[in-house]
Amino acid sequence: MSLTPDDVKRIARLARIETSDAEAQATQAQLNTIFDLIAAMQAVDTRGLPRWPMPRRFISACATTP
């Protein structure tokens, strides 16, 4: 998915946020980078990987490990 500056301006207008052309272009670039990252993550084949029944425990353990 890729946004255009007009898409960004429309979203800003719907959110009642004023934005200049320069801000819309900068935001467009940032959002498109995020969408590219999401697409790359969705493309990873995770079939065959075991499910994690409690991912919060794993995340907590990682957060406390130096």
# chains A, B, ... in the order shown; residues from 1 in each chain; ligands from 1
>>> select_by_dssp(residues="chain A", states="helix (DSSP H, G or I)", output="number ranges by chain")
A: 5-14, 21-42, 55-64
>>> residues_around(residues="range 6-15 of chain A", least_positions_apart="2", cutoff="12 Å", atoms="only C-alpha atoms", output="MDAnalysis selection string")
chainID A and resid 1:4 17:32
>>> atom_distance(atom1="CA of Thr46 in chain A", atom2="CA of Ile59 in chain A")
18.7 Å
>>> atom_distance(atom1="CA of Leu49 in chain A", atom2="CA of Ala61 in chain A")
20.1 Å
>>> atom_distance(atom1="CA of Pro5 in chain A", atom2="CA of Thr33 in chain A")
14.0 Å
